[in-house]
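Data from final.cif: mmCIF, N, CA and C atoms
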```cif
data_protein
#
loop_
_atom_site.label_atom_id
_atom_site.label_comp_id
_atom_site.auth_asym_id
_atom_site.auth_seq_id
_atom_site.Cartn_x
_atom_site.Cartn_y
_atom_site.Cartn_z
N MET A 1 25.41 -14.63 3.61
CA MET A 1 24.57 -13.63 2.99
C MET A 1 24.46 -12.45 3.94
N ASP A 2 24.67 -11.28 3.43
CA ASP A 2 24.58 -10.09 4.26
C ASP A 2 23.13 -9.65 4.43
N ALA A 3 22.91 -8.63 5.23
CA ALA A 3 21.56 -8.18 5.55
C ALA A 3 20.82 -7.64 4.33
N THR A 4 21.55 -6.96 3.45
CA THR A 4 20.90 -6.42 2.25
C THR A 4 20.42 -7.54 1.34
N GLY A 5 21.26 -8.55 1.17
CA GLY A 5 20.87 -9.69 0.35
C GLY A 5 19.67 -10.42 0.93
N LEU A 6 19.63 -10.54 2.26
CA LEU A 6 18.51 -11.19 2.90
C LEU A 6 17.22 -10.40 2.71
N LEU A 7 17.30 -9.08 2.81
CA LEU A 7 16.11 -8.25 2.58
C LEU A 7 15.61 -8.37 1.15
N TRP A 8 16.55 -8.40 0.18
CA TRP A 8 16.14 -8.57 -1.22
C TRP A 8 15.50 -9.94 -1.43
N LEU A 9 16.02 -10.97 -0.77
CA LEU A 9 15.45 -12.31 -0.90
C LEU A 9 14.06 -12.37 -0.31
N ILE A 10 13.86 -11.74 0.84
CA ILE A 10 12.53 -11.71 1.46
C ILE A 10 11.56 -10.94 0.57
N ALA A 11 12.01 -9.84 -0.01
CA ALA A 11 11.15 -9.07 -0.93
C ALA A 11 10.79 -9.90 -2.17
N LEU A 12 11.75 -10.66 -2.69
CA LEU A 12 11.49 -11.51 -3.84
C LEU A 12 10.45 -12.57 -3.52
N ILE A 13 10.61 -13.23 -2.38
CA ILE A 13 9.63 -14.25 -1.99
C ILE A 13 8.26 -13.62 -1.77
N PHE A 14 8.23 -12.44 -1.17
CA PHE A 14 6.96 -11.75 -0.94
C PHE A 14 6.27 -11.43 -2.26
N ILE A 15 7.02 -10.86 -3.20
CA ILE A 15 6.44 -10.48 -4.49
C ILE A 15 6.00 -11.71 -5.27
N LEU A 16 6.84 -12.74 -5.29
CA LEU A 16 6.46 -13.96 -6.00
C LEU A 16 5.33 -14.70 -5.29
N GLY A 17 5.16 -14.47 -4.00
CA GLY A 17 4.09 -15.11 -3.24
C GLY A 17 2.72 -14.53 -3.52
N ILE A 18 2.66 -13.37 -4.12
CA ILE A 18 1.37 -12.75 -4.44
C ILE A 18 0.67 -13.52 -5.57
N PHE A 19 1.43 -13.97 -6.53
CA PHE A 19 0.84 -14.63 -7.69
C PHE A 19 0.16 -15.96 -7.35
N PRO A 20 0.76 -16.83 -6.50
CA PRO A 20 0.01 -18.04 -6.12
C PRO A 20 -1.29 -17.72 -5.41
N LEU A 21 -1.29 -16.70 -4.54
CA LEU A 21 -2.52 -16.31 -3.86
C LEU A 21 -3.57 -15.88 -4.87
N TYR A 22 -3.18 -15.06 -5.82
CA TYR A 22 -4.10 -14.58 -6.85
C TYR A 22 -4.68 -15.76 -7.65
N ILE A 23 -3.81 -16.66 -8.09
CA ILE A 23 -4.26 -17.79 -8.92
C ILE A 23 -5.16 -18.72 -8.13
N ILE A 24 -4.80 -19.01 -6.89
CA ILE A 24 -5.59 -19.93 -6.07
C ILE A 24 -6.98 -19.37 -5.82
N VAL A 25 -7.06 -18.10 -5.45
CA VAL A 25 -8.37 -17.49 -5.18
C VAL A 25 -9.19 -17.43 -6.46
N LYS A 26 -8.54 -17.13 -7.58
CA LYS A 26 -9.25 -17.08 -8.87
C LYS A 26 -9.82 -18.46 -9.21
N LEU A 27 -9.02 -19.51 -9.01
CA LEU A 27 -9.49 -20.87 -9.30
C LEU A 27 -10.62 -21.32 -8.38
N LEU A 28 -10.61 -20.82 -7.14
CA LEU A 28 -11.66 -21.20 -6.19
C LEU A 28 -12.90 -20.32 -6.29
N GLY A 29 -12.90 -19.37 -7.21
CA GLY A 29 -14.10 -18.59 -7.47
C GLY A 29 -14.25 -17.33 -6.63
N GLY A 30 -13.18 -16.86 -6.04
CA GLY A 30 -13.27 -15.64 -5.24
C GLY A 30 -13.10 -14.40 -6.09
N ARG A 31 -13.45 -13.26 -5.52
CA ARG A 31 -13.28 -11.98 -6.21
C ARG A 31 -11.90 -11.44 -5.85
N VAL A 32 -11.01 -11.41 -6.82
CA VAL A 32 -9.65 -11.01 -6.55
C VAL A 32 -9.07 -10.23 -7.72
N THR A 33 -8.26 -9.25 -7.39
CA THR A 33 -7.43 -8.55 -8.37
C THR A 33 -6.01 -8.62 -7.83
N LEU A 34 -5.04 -8.31 -8.67
CA LEU A 34 -3.66 -8.32 -8.20
C LEU A 34 -3.44 -7.30 -7.10
N MET A 35 -4.09 -6.16 -7.21
CA MET A 35 -3.95 -5.13 -6.18
C MET A 35 -4.55 -5.59 -4.85
N ARG A 36 -5.71 -6.24 -4.90
CA ARG A 36 -6.33 -6.74 -3.68
C ARG A 36 -5.47 -7.85 -3.07
N ALA A 37 -4.91 -8.71 -3.90
CA ALA A 37 -4.02 -9.76 -3.39
C ALA A 37 -2.79 -9.15 -2.72
N LEU A 38 -2.25 -8.08 -3.32
CA LEU A 38 -1.11 -7.40 -2.73
C LEU A 38 -1.47 -6.79 -1.38
N LEU A 39 -2.60 -6.11 -1.30
CA LEU A 39 -3.01 -5.49 -0.04
C LEU A 39 -3.28 -6.52 1.05
N ILE A 40 -3.91 -7.62 0.68
CA ILE A 40 -4.18 -8.66 1.66
C ILE A 40 -2.88 -9.32 2.11
N LYS A 41 -1.94 -9.48 1.18
CA LYS A 41 -0.64 -10.07 1.53
C LYS A 41 0.11 -9.17 2.51
N VAL A 42 0.09 -7.87 2.28
CA VAL A 42 0.74 -6.92 3.20
C VAL A 42 0.05 -6.97 4.57
N ALA A 43 -1.27 -6.97 4.56
CA ALA A 43 -2.01 -7.05 5.83
C ALA A 43 -1.74 -8.37 6.53
N ALA A 44 -1.62 -9.45 5.76
CA ALA A 44 -1.35 -10.76 6.35
C ALA A 44 0.01 -10.80 7.03
N VAL A 45 0.99 -10.16 6.43
CA VAL A 45 2.32 -10.12 7.04
C VAL A 45 2.28 -9.35 8.36
N VAL A 46 1.60 -8.22 8.37
CA VAL A 46 1.51 -7.41 9.58
C VAL A 46 0.75 -8.17 10.67
N VAL A 47 -0.37 -8.78 10.31
CA VAL A 47 -1.17 -9.54 11.27
C VAL A 47 -0.37 -10.72 11.80
N THR A 48 0.36 -11.40 10.92
CA THR A 48 1.16 -12.54 11.34
C THR A 48 2.22 -12.12 12.35
N LEU A 49 2.92 -11.04 12.07
CA LEU A 49 3.95 -10.58 13.01
C LEU A 49 3.35 -10.19 14.36
N LEU A 50 2.26 -9.44 14.33
CA LEU A 50 1.65 -8.98 15.58
C LEU A 50 1.09 -10.14 16.40
N LEU A 51 0.33 -11.02 15.76
CA LEU A 51 -0.28 -12.12 16.50
C LEU A 51 0.76 -13.11 17.00
N SER A 52 1.83 -13.32 16.24
CA SER A 52 2.88 -14.22 16.69
C SER A 52 3.56 -13.69 17.94
N MET A 53 3.77 -12.39 17.99
CA MET A 53 4.41 -11.80 19.17
C MET A 53 3.47 -11.82 20.38
N VAL A 54 2.19 -11.58 20.16
CA VAL A 54 1.24 -11.49 21.27
C VAL A 54 0.92 -12.87 21.84
N PHE A 55 0.69 -13.86 20.98
CA PHE A 55 0.20 -15.16 21.45
C PHE A 55 1.29 -16.20 21.67
N GLY A 56 2.51 -15.94 21.29
CA GLY A 56 3.62 -16.85 21.57
C GLY A 56 3.44 -18.23 20.96
N VAL A 57 3.35 -19.25 21.80
CA VAL A 57 3.33 -20.64 21.34
C VAL A 57 2.08 -20.97 20.53
N ILE A 58 0.93 -20.44 20.94
CA ILE A 58 -0.30 -20.74 20.18
C ILE A 58 -0.49 -19.75 19.04
N GLY A 59 0.50 -18.91 18.81
CA GLY A 59 0.44 -17.93 17.74
C GLY A 59 0.15 -18.50 16.37
N PRO A 60 0.81 -19.61 15.95
CA PRO A 60 0.53 -20.15 14.62
C PRO A 60 -0.93 -20.53 14.41
N LEU A 61 -1.58 -21.07 15.43
CA LEU A 61 -3.00 -21.43 15.31
C LEU A 61 -3.86 -20.17 15.18
N VAL A 62 -3.57 -19.18 15.98
CA VAL A 62 -4.33 -17.92 15.94
C VAL A 62 -4.11 -17.22 14.59
N VAL A 63 -2.86 -17.26 14.10
CA VAL A 63 -2.54 -16.65 12.81
C VAL A 63 -3.31 -17.35 11.69
N ALA A 64 -3.34 -18.68 11.72
CA ALA A 64 -4.05 -19.43 10.68
C ALA A 64 -5.53 -19.06 10.65
N ILE A 65 -6.15 -18.98 11.81
CA ILE A 65 -7.57 -18.62 11.88
C ILE A 65 -7.78 -17.19 11.41
N ALA A 66 -6.89 -16.29 11.80
CA ALA A 66 -7.02 -14.89 11.37
C ALA A 66 -6.85 -14.75 9.86
N LEU A 67 -5.89 -15.48 9.28
CA LEU A 67 -5.69 -15.40 7.83
C LEU A 67 -6.89 -15.96 7.08
N MET A 68 -7.45 -17.06 7.57
CA MET A 68 -8.63 -17.61 6.90
C MET A 68 -9.80 -16.63 6.99
N ALA A 69 -9.94 -15.95 8.12
CA ALA A 69 -11.00 -14.94 8.25
C ALA A 69 -10.76 -13.78 7.29
N MET A 70 -9.50 -13.36 7.18
CA MET A 70 -9.18 -12.27 6.24
C MET A 70 -9.52 -12.69 4.81
N TYR A 71 -9.17 -13.91 4.44
CA TYR A 71 -9.45 -14.40 3.09
C TYR A 71 -10.95 -14.47 2.83
N MET A 72 -11.71 -14.91 3.85
CA MET A 72 -13.17 -15.00 3.68
C MET A 72 -13.77 -13.64 3.35
N PHE A 73 -13.41 -12.64 4.11
CA PHE A 73 -14.02 -11.33 3.94
C PHE A 73 -13.46 -10.56 2.75
N ALA A 74 -12.16 -10.68 2.51
CA ALA A 74 -11.54 -9.91 1.44
C ALA A 74 -11.90 -10.46 0.06
N PHE A 75 -11.94 -11.79 -0.05
CA PHE A 75 -12.18 -12.39 -1.36
C PHE A 75 -13.60 -12.91 -1.53
N ARG A 76 -14.43 -12.73 -0.50
CA ARG A 76 -15.84 -13.16 -0.52
C ARG A 76 -15.97 -14.64 -0.88
N ILE A 77 -15.32 -15.46 -0.07
CA ILE A 77 -15.40 -16.91 -0.24
C ILE A 77 -15.83 -17.51 1.09
N GLY A 78 -16.26 -18.76 1.05
CA GLY A 78 -16.71 -19.44 2.26
C GLY A 78 -15.54 -19.96 3.09
N ILE A 79 -15.88 -20.57 4.22
CA ILE A 79 -14.85 -21.05 5.14
C ILE A 79 -14.03 -22.19 4.55
N ILE A 80 -14.66 -23.08 3.80
CA ILE A 80 -13.94 -24.20 3.20
C ILE A 80 -12.97 -23.69 2.14
N ARG A 81 -13.43 -22.77 1.30
CA ARG A 81 -12.55 -22.20 0.27
C ARG A 81 -11.44 -21.35 0.89
N ALA A 82 -11.74 -20.69 2.00
CA ALA A 82 -10.70 -19.92 2.69
C ALA A 82 -9.64 -20.86 3.26
N PHE A 83 -10.08 -21.98 3.81
CA PHE A 83 -9.12 -22.98 4.31
C PHE A 83 -8.28 -23.54 3.18
N LEU A 84 -8.91 -23.87 2.06
CA LEU A 84 -8.16 -24.39 0.90
C LEU A 84 -7.19 -23.34 0.36
N THR A 85 -7.59 -22.09 0.35
CA THR A 85 -6.70 -21.02 -0.08
C THR A 85 -5.49 -20.93 0.83
N TRP A 86 -5.72 -20.95 2.13
CA TRP A 86 -4.64 -20.88 3.09
C TRP A 86 -3.69 -22.08 2.94
N LEU A 87 -4.26 -23.26 2.81
CA LEU A 87 -3.47 -24.48 2.68
C LEU A 87 -2.67 -24.51 1.39
N LEU A 88 -3.32 -24.23 0.27
CA LEU A 88 -2.63 -24.26 -1.03
C LEU A 88 -1.60 -23.15 -1.15
N GLU A 89 -1.85 -22.01 -0.52
CA GLU A 89 -0.85 -20.94 -0.54
C GLU A 89 0.39 -21.38 0.23
N GLY A 90 0.20 -22.06 1.34
CA GLY A 90 1.34 -22.57 2.10
C GLY A 90 2.15 -23.58 1.31
N VAL A 91 1.46 -24.46 0.59
CA VAL A 91 2.14 -25.44 -0.26
C VAL A 91 2.90 -24.73 -1.38
N ALA A 92 2.27 -23.74 -1.99
CA ALA A 92 2.93 -23.00 -3.08
C ALA A 92 4.15 -22.25 -2.59
N LEU A 93 4.06 -21.64 -1.41
CA LEU A 93 5.21 -20.91 -0.88
C LEU A 93 6.33 -21.86 -0.47
N ALA A 94 5.98 -23.04 0.06
CA ALA A 94 7.00 -24.03 0.39
C ALA A 94 7.70 -24.51 -0.89
N ALA A 95 6.93 -24.70 -1.96
CA ALA A 95 7.53 -25.09 -3.25
C ALA A 95 8.43 -24.00 -3.79
N LEU A 96 8.03 -22.75 -3.62
CA LEU A 96 8.86 -21.62 -4.06
C LEU A 96 10.19 -21.58 -3.30
N VAL A 97 10.12 -21.74 -1.99
CA VAL A 97 11.35 -21.75 -1.19
C VAL A 97 12.23 -22.94 -1.57
N PHE A 98 11.61 -24.09 -1.80
CA PHE A 98 12.36 -25.28 -2.22
C PHE A 98 13.04 -25.04 -3.56
N ALA A 99 12.32 -24.42 -4.50
CA ALA A 99 12.90 -24.13 -5.81
C ALA A 99 14.06 -23.15 -5.70
N LEU A 100 13.91 -22.13 -4.85
CA LEU A 100 15.00 -21.19 -4.65
C LEU A 100 16.22 -21.87 -4.03
N ASN A 101 15.97 -22.82 -3.12
CA ASN A 101 17.07 -23.57 -2.54
C ASN A 101 17.77 -24.43 -3.60
N LEU A 102 16.99 -25.01 -4.50
CA LEU A 102 17.60 -25.81 -5.57
C LEU A 102 18.45 -24.97 -6.51
N LEU A 103 18.06 -23.72 -6.69
CA LEU A 103 18.82 -22.82 -7.54
C LEU A 103 20.06 -22.26 -6.86
N GLY A 104 20.23 -22.60 -5.59
CA GLY A 104 21.39 -22.13 -4.86
C GLY A 104 21.16 -20.86 -4.09
N ILE A 105 19.94 -20.39 -4.09
CA ILE A 105 19.60 -19.20 -3.31
C ILE A 105 18.99 -19.70 -2.01
N ALA A 106 19.81 -19.86 -1.01
CA ALA A 106 19.38 -20.48 0.24
C ALA A 106 18.50 -19.53 1.03
N ALA A 107 17.21 -19.72 0.95
CA ALA A 107 16.28 -18.89 1.71
C ALA A 107 16.06 -19.47 3.10
N VAL A 108 15.91 -20.77 3.19
CA VAL A 108 15.66 -21.46 4.45
C VAL A 108 16.43 -22.76 4.43
N ARG A 109 17.10 -23.05 5.50
CA ARG A 109 17.74 -24.35 5.61
C ARG A 109 16.68 -25.33 6.08
N TRP A 110 16.53 -26.43 5.38
CA TRP A 110 15.46 -27.37 5.69
C TRP A 110 15.64 -28.00 7.06
N ASP A 111 16.88 -28.27 7.48
CA ASP A 111 17.06 -28.84 8.81
C ASP A 111 16.66 -27.84 9.90
N GLY A 112 16.88 -26.56 9.65
CA GLY A 112 16.43 -25.54 10.60
C GLY A 112 14.92 -25.48 10.68
N LEU A 113 14.25 -25.65 9.55
CA LEU A 113 12.79 -25.65 9.53
C LEU A 113 12.23 -26.86 10.28
N VAL A 114 12.85 -28.01 10.08
CA VAL A 114 12.42 -29.23 10.78
C VAL A 114 12.63 -29.07 12.28
N ASN A 115 13.76 -28.51 12.68
CA ASN A 115 14.01 -28.29 14.10
C ASN A 115 13.00 -27.32 14.70
N ALA A 116 12.58 -26.31 13.94
CA ALA A 116 11.59 -25.37 14.44
C ALA A 116 10.25 -26.06 14.68
N PHE A 117 9.83 -26.95 13.76
CA PHE A 117 8.58 -27.68 13.95
C PHE A 117 8.68 -28.65 15.12
N GLN A 118 9.83 -29.31 15.29
CA GLN A 118 10.00 -30.20 16.43
C GLN A 118 9.95 -29.43 17.74
N HIS A 119 10.53 -28.25 17.76
CA HIS A 119 10.49 -27.41 18.94
C HIS A 119 9.06 -26.97 19.27
N LEU A 120 8.31 -26.65 18.23
CA LEU A 120 6.91 -26.27 18.42
C LEU A 120 6.10 -27.44 18.97
N MET A 121 6.35 -28.64 18.49
CA MET A 121 5.59 -29.81 18.93
C MET A 121 5.88 -30.15 20.39
N THR A 122 7.03 -29.79 20.91
CA THR A 122 7.31 -30.06 22.32
C THR A 122 6.41 -29.22 23.22
N TYR A 123 6.00 -28.05 22.76
CA TYR A 123 5.10 -27.21 23.54
C TYR A 123 3.65 -27.68 23.46
N LEU A 124 3.31 -28.33 22.37
CA LEU A 124 1.93 -28.79 22.21
C LEU A 124 1.79 -30.13 22.87
#
```
Would you write the structure of this file as structure tokens?
Amino acid sequence: MDATGLLWLIALIFILGIFPLYIIVKLLGGRVTLMRALLIKVAAVVVTLLLSMVFGVIGPLVVAIALMAMYMFAFRIGIIRAFLTWLLEGVALAALVFALNLLGIAAVRWDGLVNAFQHLMTYL
């Protein structure tokens, strides 16, 4: 896959990832619109990139806490609902990537993902 195809695939996953966030927050009783979900998703990507670069190995933990805080304030939900939103969004995005892989659109190789988690666990 060339660079243009990869960028289109990332854009597709990003756009399709907005809808699970919207539905999950709506089901959990938060105040959400599609535009707010889009803005929070864009902010989440920027925050994730910045915090991952700054904090290195503990970056995923810091990113998770920051995203839950963003969800709490943006959607006016409590800490438990923010955690459930974060968790269910991760499950929905993993299912989306899995479905794209089943369709032959290889977004992530599963063995590469497993190796990344094993590498992370060696630092912890």
When you look at Gly17 of chain A with a cut-off of 10 Å (counting only C-alpha atoms), what residues show up, excluding the ones that are within fewer than 3 positions of it in the same chain? I need them as JSON, numbers by chain.
{"A": [11, 12, 13, 14, 20, 21, 22, 37, 38, 41, 89, 90, 92, 93, 96]}
Here's the selection I'm unsure about, the PyMOL selection byres ((chain A and resi 70-86) around 7); applied to the file above, which residues does it give, as JSON, numbers by chain?
{"A": [24, 25, 28, 29, 30, 31, 32, 65, 66, 67, 68, 69, 87, 88, 89, 90, 91]}
Coordinates of box centre and edge lengths for segment 24-41 of chain A, 3 Å on every side, axis-aligned, as JSON:
```
{"center_x": -7.1, "center_y": -13.2, "center_z": -3.4, "size_x": 20.4, "size_y": 22.2, "size_z": 17.8}
```
Between atom CA of Val97 of chain A and atom CA of Val47 of chain A - distance in Å to one decimal:
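So the two atoms, atom CA of Val47 of chain A and atom CA of Val97 of chain A, lie 21.5 Å apart.
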What does the distance between atom CA of Val63 of chain A and atom C of Thr48 of chain A come to in Å, to one decimal place?
6.6 Å
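Reported to one decimal place, the separation of atom N of Ala3 of chain A from atom CA of Leu16 of chain A is 20.6 Å.
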Output as a PyMOL selection string all residues of chain A that backbone DSSP marks as alpha helix (DSSP H).
chain A and resi 3-27+34-55+59-75+79-102+110-123
